[in-house]
Amino acid sequence: MKNNVIGLKLGLVISGLVLVVLLFLGVAVDRMFTSFYSANMKTETEELASHFTVMAESSEEDTGKMMGTFAEFSAVTIYNVRRDGSVIKHSGVQDPAYLSFIRPLEVGRIFASQKVNFFYEDPAGGRYFVAGQPIVRDGKVASALYILASTETMDRSLAGVRNLLVLSGVGAFLLALGSTWIIAQFLSRPLLQMQKATRKIAAGELETRVDIRSRDEIGALAGAINDLAVDLQHYRDTRQEFFANISHELRTPITYLEGYANVLKDRLYATEEEKDQYLGIIYMEARRIQHLVDDLFELAKMEEGKITLAPEWIDLAELMEQAVNKARLKAADKALKLEYTAEGAPQWMYTDGARMEQIVLNLLENAIRYTEKGTVSMRLSFEAGGVKLAVRDTGIGIPEDELPFIFERFYRVEKSRSRMHGGTGLGLSIVHKLTGLLGGAITVASRPGEGTCFELYFDLRLRPGKDRV
């Protein structure tokens with residue numbers, strides 16, 4: 001893919017780690033073989049030195065002849081040295097002119113009955129392992145024995161091992177590089193897909209979805225992006241619907257106000273009664289606009305968390321009865337039967353009484369608005385530690401597939417938007433917000449043609465705070 005920067009970075013990081021591991025592994029293997037060969041050579045040289053020392057101490061034959069035979073057979077160089085460092089006898093392939101390995105410190109240690117060993121490089125560049133041991137005769141150290149074993153064979157073996165390590169390392173690195181590139185491309189592809197999807201979403205293509213179903217963090221991130229796209233799409237649709245609803249709700253009363261104001265301005269009425277009728281319509285439409293603005297302002301404050309509660313101890317049964325009495329006139333205008341019942345031992349509740357009454361009045365007015373005949377009833381049930389409030393009507397009902405949306409702003413089950421039912425479409429949204437602010441929960445059940453029932457539950461042990469929520 002083009003501009004796969006994350007794949008490149010991931011590949012470089014993994015390749016770098018592989019290279020570091022290979023380098024450390026190569027150094028470790030080289031050290032291991034070097035130590036092995038060195039230890040093996042040290043052991044062999046010291047064993048040769050010990051063996052010749054025993055032979056020299058126990059044999060009465062010519063030591064020089066024995067040294068030559070032993071050196072030729074073992075491919076080593078042998079020096080027999082006095083206490084002052086001068087050479088008594090010499091045998092082997094090493095140039096006797098190169099005597100810098102004979103140092104007073106080691107000679108002194110050998111004549112003190114100690115063994116010495118060390119690596120030595122002569123002026124010509126030859127490398128040797130030197131083992132020095134004392135030759136004892138008659139209980140005294142008679143001379144020092146130096147055996148020099150060339151490291152040429154060991155160096156060739158180590159060079160072969162190092163070449164093999166380098167070739168193996170290069171091959172492993174190339175293989176790892178290719179595998180890393182494939183893995184980086186595979187791992188970065190979902191991220192690139194999500195990048196493209198988010199750019200499309202940012203550009204307004206909210207129908208874009210990321211098709212990644214892996215059960216890991218990348219899959220979770222893809223799911224979060226899809227959820228975000230769904231939420232943004234829903235927000236865009238609801239925002240558009242909100243503006244459309246606002247336009248609709250304002251256009252009708254403004255049209256009425258403009259039309260009837262022109263009638264009055266141009267004195268196109270015949271009688272004073274007709275004039276009063278037009279003024280009444282203007283007044284009602286102005287009230288409608290004011291009510292809409294108030295509801296919008298109230299809802300905006302609740303959504304922004306800027307609404308202030310004033311909780312106090314209230315007699316809930318009395319408050320509910322007052323709310324029912326306030327709604328009786330509207331029910332009587334439509335010849336509806338309004339019922340109220342209270343069950344259980346009455347309890348006081350610590351809450352905002354004005355907001356609680358607003359909830360009940362909104363539910364009652366909504367029930368009356370969408371009920372043409374029958375009954376609107378409210379039941380208050382006190383339980384252990386809580387209270388349940390139910391508002392039921394015999395109105396038009398709500399289809400099951402629309403129930404999840406009824407608490408949204410301006411949502412109306414009655415799609416024709418006939419002014420017969422009135423309202424602003426904000427009442428249930430306000431009820432839902434206020435119920436949550438007061439610590440309650442609201443549910444709804446409905447069947448088309450049979451009616452609707454809203455149920456609210458409040459835990460009497462919870463107290464809403466006096467501060468802003």
# chains A, B, ... in the order shown; residues from 1 in each chain; ligands from 1
call {"tool": "residues_around", "arguments": {"residues": "Leu145 of chain A", "least_positions_apart": "6", "cutoff": "6 Å", "atoms": "only C-alpha atoms", "output": "NGL selection string"}}
result
:A and (79-80 or 132-134)
call {"tool": "write_last_selection", "arguments": {"atoms": "C-alpha atoms", "output": "PDB file, in the first residue's frame"}}
result
ATOM      1  CA  TYR A  79      62.628 -24.635  25.626  1.00  0.00           C
ATOM      2  CA  ASN A  80      64.650 -25.699  28.634  1.00  0.00           C
ATOM      3  CA  GLY A 132      55.629 -23.451  31.675  1.00  0.00           C
ATOM      4  CA  GLN A 133      56.415 -26.054  34.338  1.00  0.00           C
ATOM      5  CA  PRO A 134      59.391 -26.832  36.595  1.00  0.00           C
TER       6      PRO A 134
END
call {"tool": "select_by_dssp", "arguments": {"residues": "segment 272-382 of chain A", "states": "helix (DSSP H, G or I)", "output": "number ranges by chain"}}
result
A: 272-303, 316-333, 353-369
call {"tool": "atom_distance", "arguments": {"atom1": "atom CA of Thr45 of chain A", "atom2": "atom CA of Asp138 of chain A"}}
result
25.6 Å
call {"tool": "residues_around", "arguments": {"residues": "Gly449 of chain A", "least_positions_apart": "3", "cutoff": "7 Å", "atoms": "only C-alpha atoms", "output": "mmCIF file with N, CA and C atoms, in the first residue's frame"}}
result
data_model
loop_
_atom_site.group_PDB
_atom_site.id
_atom_site.type_symbol
_atom_site.label_atom_id
_atom_site.label_comp_id
_atom_site.auth_asym_id
_atom_site.auth_seq_id
_atom_site.Cartn_x
_atom_site.Cartn_y
_atom_site.Cartn_z
ATOM 1 N N GLY A 395 -55.814 5.971 24.801
ATOM 2 C CA GLY A 395 -55.684 6.741 23.564
ATOM 3 C C GLY A 395 -55.247 5.914 22.370
ATOM 4 N N ILE A 396 -54.576 6.589 21.429
ATOM 5 C CA ILE A 396 -54.245 5.976 20.144
ATOM 6 C C ILE A 396 -53.127 4.947 20.265
ATOM 7 N N GLY A 397 -52.333 4.997 21.334
ATOM 8 C CA GLY A 397 -51.262 4.029 21.516
ATOM 9 C C GLY A 397 -50.040 4.348 20.659
#
call {"tool": "residues_around", "arguments": {"residues": "Asp352 of chain A", "least_positions_apart": "2", "cutoff": "9 Å", "atoms": "only C-alpha atoms", "output": "ChimeraX atom specification"}}
result
/A:309-314,350,354-357,438,464
call {"tool": "atom_distance", "arguments": {"atom1": "atom CA of Asp333 of chain A", "atom2": "atom CA of Arg379 of chain A"}}
result
22.0 Å
call {"tool": "residues_around", "arguments": {"residues": "Leu148 of chain A", "least_positions_apart": "3", "cutoff": "9 Å", "atoms": "only C-alpha atoms", "output": "ChimeraX atom specification"}}
result
/A:45,76-79,92,94,120,128-132
call {"tool": "write_last_selection", "arguments": {"atoms": "C-alpha atoms", "output": "PDB file, in the first residue's frame"}}
result
ATOM      1  CA  THR A  45      49.371 -28.069  26.039  1.00  0.00           C
ATOM      2  CA  VAL A  76      55.317 -28.008  19.517  1.00  0.00           C
ATOM      3  CA  THR A  77      58.408 -25.975  20.430  1.00  0.00           C
ATOM      4  CA  ILE A  78      60.226 -26.843  23.664  1.00  0.00           C
ATOM      5  CA  TYR A  79      62.628 -24.635  25.626  1.00  0.00           C
ATOM      6  CA  GLY A  92      60.796 -27.228  17.606  1.00  0.00           C
ATOM      7  CA  GLN A  94      59.657 -21.631  16.698  1.00  0.00           C
ATOM      8  CA  TYR A 120      52.059 -15.164  23.255  1.00  0.00           C
ATOM      9  CA  TYR A 128      51.238 -19.467  20.547  1.00  0.00           C
ATOM     10  CA  PHE A 129      49.897 -20.889  23.739  1.00  0.00           C
ATOM     11  CA  VAL A 130      52.722 -21.136  26.268  1.00  0.00           C
ATOM     12  CA  ALA A 131      52.750 -23.601  29.171  1.00  0.00           C
ATOM     13  CA  GLY A 132      55.629 -23.451  31.675  1.00  0.00           C
TER      14      GLY A 132
END
call {"tool": "atom_distance", "arguments": {"atom1": "atom CA of Thr43 of chain A", "atom2": "atom CA of Ala75 of chain A"}}
result
15.5 Å
call {"tool": "select_by_dssp", "arguments": {"residues": "segment 101-162 of chain A", "states": "strand (DSSP E or B)", "output": "PyMOL selection string"}}
result
chain A and resi 116-121+127-137+140-150
call {"tool": "write_last_selection", "arguments": {"atoms": "N, CA and C atoms", "output": "short mmCIF file (atom, residue, chain, number, x, y, z; two decimals), in the first residue's frame"}}
result
data_model
loop_
_atom_site.label_atom_id
_atom_site.label_comp_id
_atom_site.auth_asym_id
_atom_site.auth_seq_id
_atom_site.Cartn_x
_atom_site.Cartn_y
_atom_site.Cartn_z
N VAL A 116 52.76 -22.01 34.92
CA VAL A 116 52.27 -20.79 34.27
C VAL A 116 51.75 -21.16 32.89
N ASN A 117 50.83 -20.33 32.39
CA ASN A 117 50.33 -20.51 31.02
C ASN A 117 49.79 -19.17 30.54
N PHE A 118 49.99 -18.88 29.25
CA PHE A 118 49.53 -17.61 28.69
C PHE A 118 49.66 -17.69 27.17
N PHE A 119 48.96 -16.73 26.51
CA PHE A 119 49.07 -16.62 25.05
C PHE A 119 50.19 -15.66 24.71
N TYR A 120 50.90 -15.96 23.63
CA TYR A 120 52.06 -15.16 23.26
C TYR A 120 52.05 -14.97 21.74
N GLU A 121 52.38 -13.75 21.32
CA GLU A 121 52.49 -13.45 19.89
C GLU A 121 53.90 -12.94 19.63
N ARG A 127 51.09 -16.73 16.67
CA ARG A 127 50.44 -16.80 17.98
C ARG A 127 50.64 -18.19 18.56
N TYR A 128 50.95 -18.21 19.88
CA TYR A 128 51.24 -19.47 20.55
C TYR A 128 50.57 -19.48 21.92
N PHE A 129 50.30 -20.72 22.34
CA PHE A 129 49.90 -20.89 23.74
C PHE A 129 51.10 -21.46 24.47
N VAL A 130 51.50 -20.78 25.54
CA VAL A 130 52.72 -21.14 26.27
C VAL A 130 52.34 -21.78 27.60
N ALA A 131 52.91 -22.94 27.87
CA ALA A 131 52.75 -23.60 29.17
C ALA A 131 54.14 -23.80 29.77
N GLY A 132 54.34 -23.34 31.01
CA GLY A 132 55.63 -23.45 31.67
C GLY A 132 55.53 -24.24 32.96
N GLN A 133 56.42 -25.21 33.14
CA GLN A 133 56.41 -26.05 34.34
C GLN A 133 57.85 -26.31 34.79
N PRO A 134 58.04 -26.56 36.08
CA PRO A 134 59.39 -26.83 36.60
C PRO A 134 59.81 -28.29 36.37
N ILE A 135 61.11 -28.51 36.12
CA ILE A 135 61.69 -29.85 36.06
C ILE A 135 62.48 -30.05 37.36
N VAL A 136 62.05 -31.01 38.15
CA VAL A 136 62.61 -31.22 39.49
C VAL A 136 63.52 -32.46 39.47
N ARG A 137 64.70 -32.28 39.99
CA ARG A 137 65.63 -33.38 40.17
C ARG A 137 66.24 -33.28 41.56
N LYS A 140 64.90 -30.63 43.93
CA LYS A 140 65.08 -29.22 43.63
C LYS A 140 64.70 -28.94 42.18
N VAL A 141 64.28 -27.70 41.93
CA VAL A 141 63.93 -27.30 40.57
C VAL A 141 65.22 -27.09 39.82
N ALA A 142 65.47 -27.97 38.85
CA ALA A 142 66.70 -27.91 38.09
C ALA A 142 66.61 -26.92 36.95
N SER A 143 65.46 -26.83 36.32
CA SER A 143 65.29 -25.91 35.18
C SER A 143 63.80 -25.70 34.92
N ALA A 144 63.54 -24.75 34.03
CA ALA A 144 62.14 -24.45 33.65
C ALA A 144 61.88 -24.97 32.26
N LEU A 145 60.73 -25.58 32.08
CA LEU A 145 60.34 -26.12 30.78
C LEU A 145 59.23 -25.26 30.19
N TYR A 146 59.46 -24.76 28.97
CA TYR A 146 58.44 -24.00 28.25
C TYR A 146 58.03 -24.80 27.02
N ILE A 147 56.75 -24.96 26.84
CA ILE A 147 56.22 -25.59 25.63
C ILE A 147 55.34 -24.56 24.92
N LEU A 148 55.64 -24.30 23.63
CA LEU A 148 54.88 -23.35 22.82
C LEU A 148 54.11 -24.13 21.76
N ALA A 149 52.78 -24.03 21.85
CA ALA A 149 51.91 -24.69 20.86
C ALA A 149 51.28 -23.63 19.97
N SER A 150 51.49 -23.75 18.67
CA SER A 150 50.95 -22.76 17.75
C SER A 150 49.41 -22.78 17.76
#
call {"tool": "closest_residue", "arguments": {"among": "A:Arg162, A:Phe173, A:Leu99, A:Gly374", "to": "Val20 of chain A", "atoms": "only C-alpha atoms"}}
result
A:Phe173
call {"tool": "residues_around", "arguments": {"residues": "segment 154-159 of chain A", "least_positions_apart": "6", "cutoff": "12 Å", "atoms": "only C-alpha atoms", "output": "ChimeraX atom specification"}}
result
/A:29-42,126-129,165-166
call {"tool": "write_last_selection", "arguments": {"atoms": "C-alpha atoms", "output": "short mmCIF file (atom, residue, chain, number, x, y, z; two decimals), in the first residue's frame"}}
result
data_model
loop_
_atom_site.label_atom_id
_atom_site.label_comp_id
_atom_site.auth_asym_id
_atom_site.auth_seq_id
_atom_site.Cartn_x
_atom_site.Cartn_y
_atom_site.Cartn_z
CA VAL A 29 28.37 -18.15 20.05
CA ASP A 30 31.78 -16.76 19.01
CA ARG A 31 32.78 -16.33 22.65
CA MET A 32 31.57 -19.83 23.41
CA PHE A 33 33.62 -21.43 20.61
CA THR A 34 36.65 -19.27 21.40
CA SER A 35 36.47 -20.29 25.05
CA PHE A 36 36.01 -23.92 24.08
CA TYR A 37 39.00 -24.01 21.71
CA SER A 38 41.14 -22.01 24.11
CA ALA A 39 40.31 -24.24 27.05
CA ASN A 40 40.87 -27.35 24.93
CA MET A 41 44.25 -26.06 23.70
CA LYS A 42 45.28 -25.07 27.21
CA GLY A 126 52.76 -16.01 15.09
CA ARG A 127 50.44 -16.80 17.98
CA TYR A 128 51.24 -19.47 20.55
CA PHE A 129 49.90 -20.89 23.74
CA LEU A 165 28.15 -17.43 11.88
CA VAL A 166 28.30 -14.42 9.56
#
call {"tool": "residues_around", "arguments": {"residues": "Tyr283 of chain A", "least_positions_apart": "2", "cutoff": "12 Å", "atoms": "only C-alpha atoms", "output": "PDB file with N, CA and C atoms, in the first residue's frame"}}
result
ATOM      1  N   PRO A 253     -47.135  28.937  13.586  1.00  0.00           N
ATOM      2  CA  PRO A 253     -47.642  30.067  14.384  1.00  0.00           C
ATOM      3  C   PRO A 253     -47.215  31.427  13.818  1.00  0.00           C
ATOM      4  N   ILE A 254     -46.000  31.492  13.247  1.00  0.00           N
ATOM      5  CA  ILE A 254     -45.572  32.767  12.672  1.00  0.00           C
ATOM      6  C   ILE A 254     -46.450  33.138  11.481  1.00  0.00           C
ATOM      7  N   TYR A 256     -49.565  32.280  11.125  1.00  0.00           N
ATOM      8  CA  TYR A 256     -50.821  32.753  11.709  1.00  0.00           C
ATOM      9  C   TYR A 256     -50.683  34.185  12.211  1.00  0.00           C
ATOM     10  N   LEU A 257     -49.564  34.436  12.931  1.00  0.00           N
ATOM     11  CA  LEU A 257     -49.370  35.780  13.477  1.00  0.00           C
ATOM     12  C   LEU A 257     -49.290  36.811  12.353  1.00  0.00           C
ATOM     13  N   TYR A 260     -52.935  37.124  10.504  1.00  0.00           N
ATOM     14  CA  TYR A 260     -53.995  37.819  11.256  1.00  0.00           C
ATOM     15  C   TYR A 260     -53.568  39.225  11.661  1.00  0.00           C
ATOM     16  N   ALA A 261     -52.268  39.449  11.825  1.00  0.00           N
ATOM     17  CA  ALA A 261     -51.811  40.820  12.103  1.00  0.00           C
ATOM     18  C   ALA A 261     -52.081  41.721  10.895  1.00  0.00           C
ATOM     19  N   ASP A 276     -62.005  40.484  17.786  1.00  0.00           N
ATOM     20  CA  ASP A 276     -61.590  39.822  19.019  1.00  0.00           C
ATOM     21  C   ASP A 276     -61.166  38.377  18.755  1.00  0.00           C
ATOM     22  N   GLN A 277     -61.852  37.725  17.813  1.00  0.00           N
ATOM     23  CA  GLN A 277     -61.493  36.363  17.461  1.00  0.00           C
ATOM     24  C   GLN A 277     -60.078  36.291  16.884  1.00  0.00           C
ATOM     25  N   TYR A 278     -59.761  37.253  15.996  1.00  0.00           N
ATOM     26  CA  TYR A 278     -58.419  37.283  15.408  1.00  0.00           C
ATOM     27  C   TYR A 278     -57.366  37.588  16.467  1.00  0.00           C
ATOM     28  N   LEU A 279     -57.685  38.487  17.378  1.00  0.00           N
ATOM     29  CA  LEU A 279     -56.753  38.801  18.456  1.00  0.00           C
ATOM     30  C   LEU A 279     -56.517  37.590  19.362  1.00  0.00           C
ATOM     31  N   GLY A 280     -57.578  36.837  19.583  1.00  0.00           N
ATOM     32  CA  GLY A 280     -57.447  35.609  20.382  1.00  0.00           C
ATOM     33  C   GLY A 280     -56.523  34.597  19.712  1.00  0.00           C
ATOM     34  N   ILE A 281     -56.654  34.476  18.379  1.00  0.00           N
ATOM     35  CA  ILE A 281     -55.771  33.546  17.647  1.00  0.00           C
ATOM     36  C   ILE A 281     -54.321  34.011  17.748  1.00  0.00           C
ATOM     37  N   GLU A 285     -51.312  31.827  19.444  1.00  0.00           N
ATOM     38  CA  GLU A 285     -50.114  31.449  18.695  1.00  0.00           C
ATOM     39  C   GLU A 285     -48.863  32.036  19.339  1.00  0.00           C
ATOM     40  N   ALA A 286     -48.967  33.232  19.899  1.00  0.00           N
ATOM     41  CA  ALA A 286     -47.833  33.816  20.610  1.00  0.00           C
ATOM     42  C   ALA A 286     -47.496  32.981  21.848  1.00  0.00           C
ATOM     43  N   ARG A 287     -48.556  32.533  22.548  1.00  0.00           N
ATOM     44  CA  ARG A 287     -48.350  31.659  23.704  1.00  0.00           C
ATOM     45  C   ARG A 287     -47.691  30.345  23.274  1.00  0.00           C
ATOM     46  N   ARG A 288     -48.089  29.857  22.116  1.00  0.00           N
ATOM     47  CA  ARG A 288     -47.527  28.604  21.601  1.00  0.00           C
ATOM     48  C   ARG A 288     -46.026  28.769  21.343  1.00  0.00           C
ATOM     49  N   ILE A 289     -45.637  29.890  20.725  1.00  0.00           N
ATOM     50  CA  ILE A 289     -44.223  30.136  20.477  1.00  0.00           C
ATOM     51  C   ILE A 289     -43.472  30.278  21.795  1.00  0.00           C
ATOM     52  N   GLN A 290     -44.069  31.002  22.743  1.00  0.00           N
ATOM     53  CA  GLN A 290     -43.427  31.174  24.043  1.00  0.00           C
ATOM     54  C   GLN A 290     -43.240  29.833  24.743  1.00  0.00           C
TER      55      GLN A 290
END
call {"tool": "closest_residue", "arguments": {"among": "A:Val21, A:Ile14, A:Ala176, A:Ile430", "to": "Asn362 of chain A", "atoms": "only C-alpha atoms"}}
result
A:Ile430
call {"tool": "closest_residue", "arguments": {"among": "A:Gly169, A:Pro404, A:Gly440, A:Pro448", "to": "Tyr370 of chain A", "atoms": "only C-alpha atoms"}}
result
A:Pro448
